[in-house]
Amino acid sequence: MPILSLFLYGCASSTQITGSWKSPEALPQQYQRIVVAALTDNVLARQEVENDLQAQLRLRGIEASKSIDLFPPSAGAKTGPDVNLLLDRIKENGHDAILTAALVDEKTETRYVPGNVGYRPMTRFMWYGSFRGYYTYWYPTLYDPGYYTEDKVYYLETNLYDAQTDKLVWAAQSRSYSPGSLRRAAAKFAEITVQKMSEDNVISAQIRQ
(Lines give C-alpha, C1' and ligand atoms only; values in the text may rest on other atoms or scores of the structure.)
Protein backbone atom coordinates (compact mmCIF):
# COMPACT_ATOMS: atom_id res chain seq x y z
CA MET A 1 0.00 0.00 0.00
CA PRO A 2 1.45 3.45 -0.91
CA ILE A 3 2.81 5.42 2.01
CA LEU A 4 0.29 8.26 1.80
CA SER A 5 -2.61 5.84 2.07
CA LEU A 6 -0.86 4.12 4.98
CA PHE A 7 -0.82 7.46 6.78
CA LEU A 8 -4.49 8.05 6.10
CA TYR A 9 -5.61 4.65 7.26
CA GLY A 10 -3.22 4.61 10.18
CA CYS A 11 -3.51 7.83 12.14
CA ALA A 12 -5.61 10.84 12.82
CA SER A 13 -6.20 11.46 16.50
CA SER A 14 -3.06 13.55 17.09
CA THR A 15 -1.81 15.62 14.17
CA GLN A 16 0.28 18.76 14.35
CA ILE A 17 2.55 20.95 12.24
CA THR A 18 6.16 20.50 13.36
CA GLY A 19 7.71 23.21 11.21
CA SER A 20 7.32 25.37 8.14
CA TRP A 21 9.47 27.37 5.71
CA LYS A 22 8.66 30.30 3.45
CA SER A 23 10.78 31.61 0.60
CA PRO A 24 12.01 35.16 1.19
CA GLU A 25 10.89 35.88 -2.38
CA ALA A 26 7.27 34.87 -1.70
CA LEU A 27 4.82 37.76 -1.87
CA PRO A 28 2.12 37.95 0.83
CA GLN A 29 -1.21 36.37 -0.07
CA GLN A 30 -0.13 36.03 -3.69
CA TYR A 31 -1.84 32.77 -4.63
CA GLN A 32 -5.50 32.72 -5.55
CA ARG A 33 -5.82 29.69 -7.87
CA ILE A 34 -4.21 26.53 -6.53
CA VAL A 35 -4.11 22.93 -7.74
CA VAL A 36 -3.92 20.41 -4.88
CA ALA A 37 -2.14 17.12 -5.55
CA ALA A 38 -1.84 14.13 -3.21
CA LEU A 39 1.15 12.11 -4.37
CA THR A 40 -0.15 8.55 -4.15
CA ASP A 41 -1.49 5.95 -6.55
CA ASN A 42 -4.19 4.98 -4.06
CA VAL A 43 -7.24 6.59 -5.66
CA LEU A 44 -9.35 6.70 -2.48
CA ALA A 45 -6.58 8.30 -0.44
CA ARG A 46 -5.86 10.79 -3.21
CA GLN A 47 -9.53 11.72 -3.47
CA GLU A 48 -9.95 12.24 0.28
CA VAL A 49 -6.86 14.40 0.73
CA GLU A 50 -7.56 16.53 -2.31
CA ASN A 51 -11.24 16.98 -1.41
CA ASP A 52 -10.39 18.29 2.05
CA LEU A 53 -7.53 20.54 0.95
CA GLN A 54 -9.81 22.00 -1.71
CA ALA A 55 -12.57 22.62 0.84
CA GLN A 56 -10.23 24.33 3.31
CA LEU A 57 -8.75 26.58 0.62
CA ARG A 58 -12.18 27.56 -0.62
CA LEU A 59 -13.13 28.61 2.89
CA ARG A 60 -10.53 31.37 2.48
CA GLY A 61 -11.70 32.44 -0.95
CA ILE A 62 -9.03 30.51 -2.87
CA GLU A 63 -10.09 28.96 -6.16
CA ALA A 64 -8.80 25.41 -5.67
CA SER A 65 -8.84 22.52 -8.12
CA LYS A 66 -8.03 18.86 -7.57
CA SER A 67 -5.36 17.12 -9.60
CA ILE A 68 -7.54 14.03 -9.76
CA ASP A 69 -10.05 16.04 -11.82
CA LEU A 70 -7.41 17.57 -14.08
CA PHE A 71 -5.46 14.31 -14.48
CA PRO A 72 -7.70 11.30 -13.73
CA PRO A 73 -5.88 8.04 -12.92
CA SER A 74 -5.48 5.68 -15.85
CA ALA A 75 -6.35 2.02 -15.39
CA GLY A 76 -3.25 -0.12 -15.45
CA ALA A 77 -0.87 2.84 -15.69
CA LYS A 78 2.35 2.27 -13.74
CA THR A 79 3.63 5.83 -14.05
CA GLY A 80 1.99 9.23 -13.80
CA PRO A 81 1.63 11.71 -16.66
CA ASP A 82 4.64 13.60 -17.93
CA VAL A 83 5.55 16.38 -15.49
CA ASN A 84 5.98 18.92 -18.29
CA LEU A 85 2.51 18.12 -19.56
CA LEU A 86 1.18 18.59 -16.02
CA LEU A 87 2.75 22.03 -15.68
CA ASP A 88 1.53 23.12 -19.11
CA ARG A 89 -2.03 22.04 -18.32
CA ILE A 90 -1.96 23.77 -14.93
CA LYS A 91 -0.75 27.06 -16.41
CA GLU A 92 -3.17 26.88 -19.32
CA ASN A 93 -6.04 26.64 -16.84
CA GLY A 94 -4.86 29.82 -15.11
CA HIS A 95 -3.60 28.26 -11.88
CA ASP A 96 -0.81 30.12 -10.15
CA ALA A 97 0.36 27.49 -7.62
CA ILE A 98 0.54 23.75 -6.93
CA LEU A 99 0.11 22.32 -3.42
CA THR A 100 1.49 18.79 -2.99
CA ALA A 101 1.19 16.34 -0.09
CA ALA A 102 3.38 13.28 0.46
CA LEU A 103 4.38 11.02 3.33
CA VAL A 104 8.15 11.25 3.76
CA ASP A 105 8.81 9.01 6.78
CA GLU A 106 7.19 6.66 9.27
CA LYS A 107 8.42 5.23 12.56
CA THR A 108 7.26 2.81 15.23
CA GLU A 109 7.46 3.83 18.89
CA THR A 110 7.03 1.42 21.80
CA ARG A 111 5.52 2.80 25.00
CA TYR A 112 4.45 1.35 28.34
CA VAL A 113 0.85 1.81 29.42
CA PRO A 114 0.68 1.54 33.25
CA GLY A 115 -2.02 -0.47 34.96
CA ASN A 116 -4.66 0.92 37.30
CA VAL A 117 -4.67 0.38 41.05
CA GLY A 118 -7.69 1.53 43.03
CA TYR A 119 -8.41 2.06 46.72
CA ARG A 120 -11.82 2.32 48.38
CA PRO A 121 -11.82 2.05 52.20
CA MET A 122 -15.50 1.13 52.50
CA THR A 123 -15.29 -0.64 55.89
CA ARG A 124 -19.06 -1.00 56.22
CA PHE A 125 -18.98 -4.03 53.93
CA MET A 126 -18.65 -7.38 55.71
CA TRP A 127 -15.99 -8.76 53.36
CA TYR A 128 -13.54 -6.26 54.91
CA GLY A 129 -13.64 -8.31 58.13
CA SER A 130 -11.20 -10.99 56.94
CA PHE A 131 -8.22 -11.18 54.65
CA ARG A 132 -9.80 -14.07 52.78
CA GLY A 133 -12.99 -12.12 52.03
CA TYR A 134 -11.19 -8.90 51.19
CA TYR A 135 -8.62 -10.51 48.89
CA THR A 136 -11.16 -12.67 47.10
CA TYR A 137 -13.50 -9.76 46.44
CA TRP A 138 -11.08 -7.02 45.43
CA TYR A 139 -8.02 -8.52 43.80
CA PRO A 140 -9.60 -9.15 40.39
CA THR A 141 -10.91 -5.57 40.20
CA LEU A 142 -8.16 -3.59 41.96
CA TYR A 143 -5.21 -4.60 39.84
CA ASP A 144 -5.06 -4.02 36.12
CA PRO A 145 -1.53 -4.86 34.92
CA GLY A 146 0.27 -2.56 32.52
CA TYR A 147 1.35 -3.50 29.02
CA TYR A 148 3.53 -2.40 26.12
CA THR A 149 2.05 -1.10 22.88
CA GLU A 150 3.37 0.20 19.58
CA ASP A 151 2.38 3.50 18.00
CA LYS A 152 2.94 4.47 14.40
CA VAL A 153 4.33 7.96 13.85
CA TYR A 154 3.91 9.45 10.38
CA TYR A 155 5.65 12.51 8.90
CA LEU A 156 3.79 14.19 6.06
CA GLU A 157 5.30 16.97 3.95
CA THR A 158 3.35 19.65 2.13
CA ASN A 159 4.93 21.87 -0.52
CA LEU A 160 3.60 24.92 -2.37
CA TYR A 161 5.16 25.60 -5.78
CA ASP A 162 4.78 28.66 -7.98
CA ALA A 163 3.23 27.43 -11.24
CA GLN A 164 5.00 29.98 -13.43
CA THR A 165 8.53 29.62 -12.07
CA ASP A 166 8.31 25.98 -10.85
CA LYS A 167 10.00 27.15 -7.61
CA LEU A 168 9.22 26.08 -4.06
CA VAL A 169 7.73 29.02 -2.14
CA TRP A 170 6.41 27.37 1.05
CA ALA A 171 6.75 24.02 2.83
CA ALA A 172 5.57 22.41 6.04
CA GLN A 173 5.92 19.08 7.81
CA SER A 174 3.32 17.53 10.08
CA ARG A 175 3.53 14.62 12.51
CA SER A 176 0.67 12.25 13.33
CA TYR A 177 0.07 9.57 15.97
CA SER A 178 -2.57 6.96 16.79
CA PRO A 179 -5.15 5.04 14.78
CA GLY A 180 -8.14 6.67 13.14
CA SER A 181 -10.28 6.71 10.03
CA LEU A 182 -9.40 7.90 6.56
CA ARG A 183 -12.13 10.51 6.77
CA ARG A 184 -10.87 12.06 10.02
CA ALA A 185 -7.21 11.90 9.01
CA ALA A 186 -7.70 13.73 5.73
CA ALA A 187 -9.93 16.39 7.28
CA LYS A 188 -7.57 17.17 10.16
CA PHE A 189 -4.50 17.24 7.94
CA ALA A 190 -6.16 19.65 5.53
CA GLU A 191 -7.36 21.90 8.33
CA ILE A 192 -3.98 22.37 10.01
CA THR A 193 -2.09 22.65 6.70
CA VAL A 194 -4.24 25.42 5.25
CA GLN A 195 -4.35 27.18 8.62
CA LYS A 196 -0.53 27.24 8.65
CA MET A 197 -0.44 28.56 5.08
CA SER A 198 -2.70 31.36 6.25
CA GLU A 199 -0.55 32.08 9.31
CA ASP A 200 2.55 32.22 7.11
CA ASN A 201 0.74 34.69 4.83
CA VAL A 202 0.98 32.82 1.55
CA ILE A 203 -2.82 32.79 1.23
CA SER A 204 -5.62 34.91 2.63
CA ALA A 205 -6.14 34.71 6.39
CA GLN A 206 -9.84 35.53 6.19
CA ILE A 207 -12.30 32.66 6.46
CA ARG A 208 -15.47 33.25 4.45
CA GLN A 209 -18.80 32.53 6.05
# chains A, B, ... in the order shown; residues from 1 in each chain; ligands from 1
call {"tool": "residues_around", "arguments": {"residues": "Ala38 in chain A", "least_positions_apart": "3", "cutoff": "6 Å", "atoms": "only C-alpha atoms", "output": "PyMOL selection string"}}
result
chain A and resi 46+100-101
call {"tool": "closest_residue", "arguments": {"among": "A:Thr18, A:Asn84, A:Ser67, A:Ser176", "to": "Val153 in chain A", "atoms": "only C-alpha atoms"}}
result
A:Ser176
call {"tool": "closest_residue", "arguments": {"among": "A:Thr15, A:Asn93, A:Gln54, A:Gln47", "to": "Pro73 in chain A", "atoms": "only C-alpha atoms"}}
result
A:Gln47
call {"tool": "closest_residue", "arguments": {"among": "A:Thr40, A:Ser204, A:Ser23, A:Thr110", "to": "Leu160 in chain A", "atoms": "only C-alpha atoms"}}
result
A:Ser23
call {"tool": "closest_residue", "arguments": {"among": "A:Glu25, A:Leu53, A:Asp41, A:Ala102", "to": "Gln195 in chain A", "atoms": "only C-alpha atoms"}}
result
A:Leu53
call {"tool": "closest_residue", "arguments": {"among": "A:Ile98, A:Leu156, A:Ala171, A:Val113", "to": "Ala185 in chain A", "atoms": "only C-alpha atoms"}}
result
A:Leu156
call {"tool": "residues_around", "arguments": {"residues": "Tyr112 in chain A", "least_positions_apart": "6", "cutoff": "12 Å", "atoms": "only C-alpha atoms", "output": "ChimeraX atom specification"}}
result
/A:145-151
call {"tool": "atom_distance", "arguments": {"atom1": "CA of Val202 in chain A", "atom2": "CA of Tyr31 in chain A"}}
result
6.8 Å
call {"tool": "atom_distance", "arguments": {"atom1": "CA of Ile34 in chain A", "atom2": "CA of Gly19 in chain A"}}
result
21.6 Å
call {"tool": "atom_distance", "arguments": {"atom1": "CA of Glu48 in chain A", "atom2": "CA of Ile203 in chain A"}}
result
21.8 Å
call {"tool": "closest_residue", "arguments": {"among": "A:Leu70, A:Ile192, A:Ala205, A:Ala64", "to": "Val36 in chain A", "atoms": "only C-alpha atoms"}}
result
A:Ala64
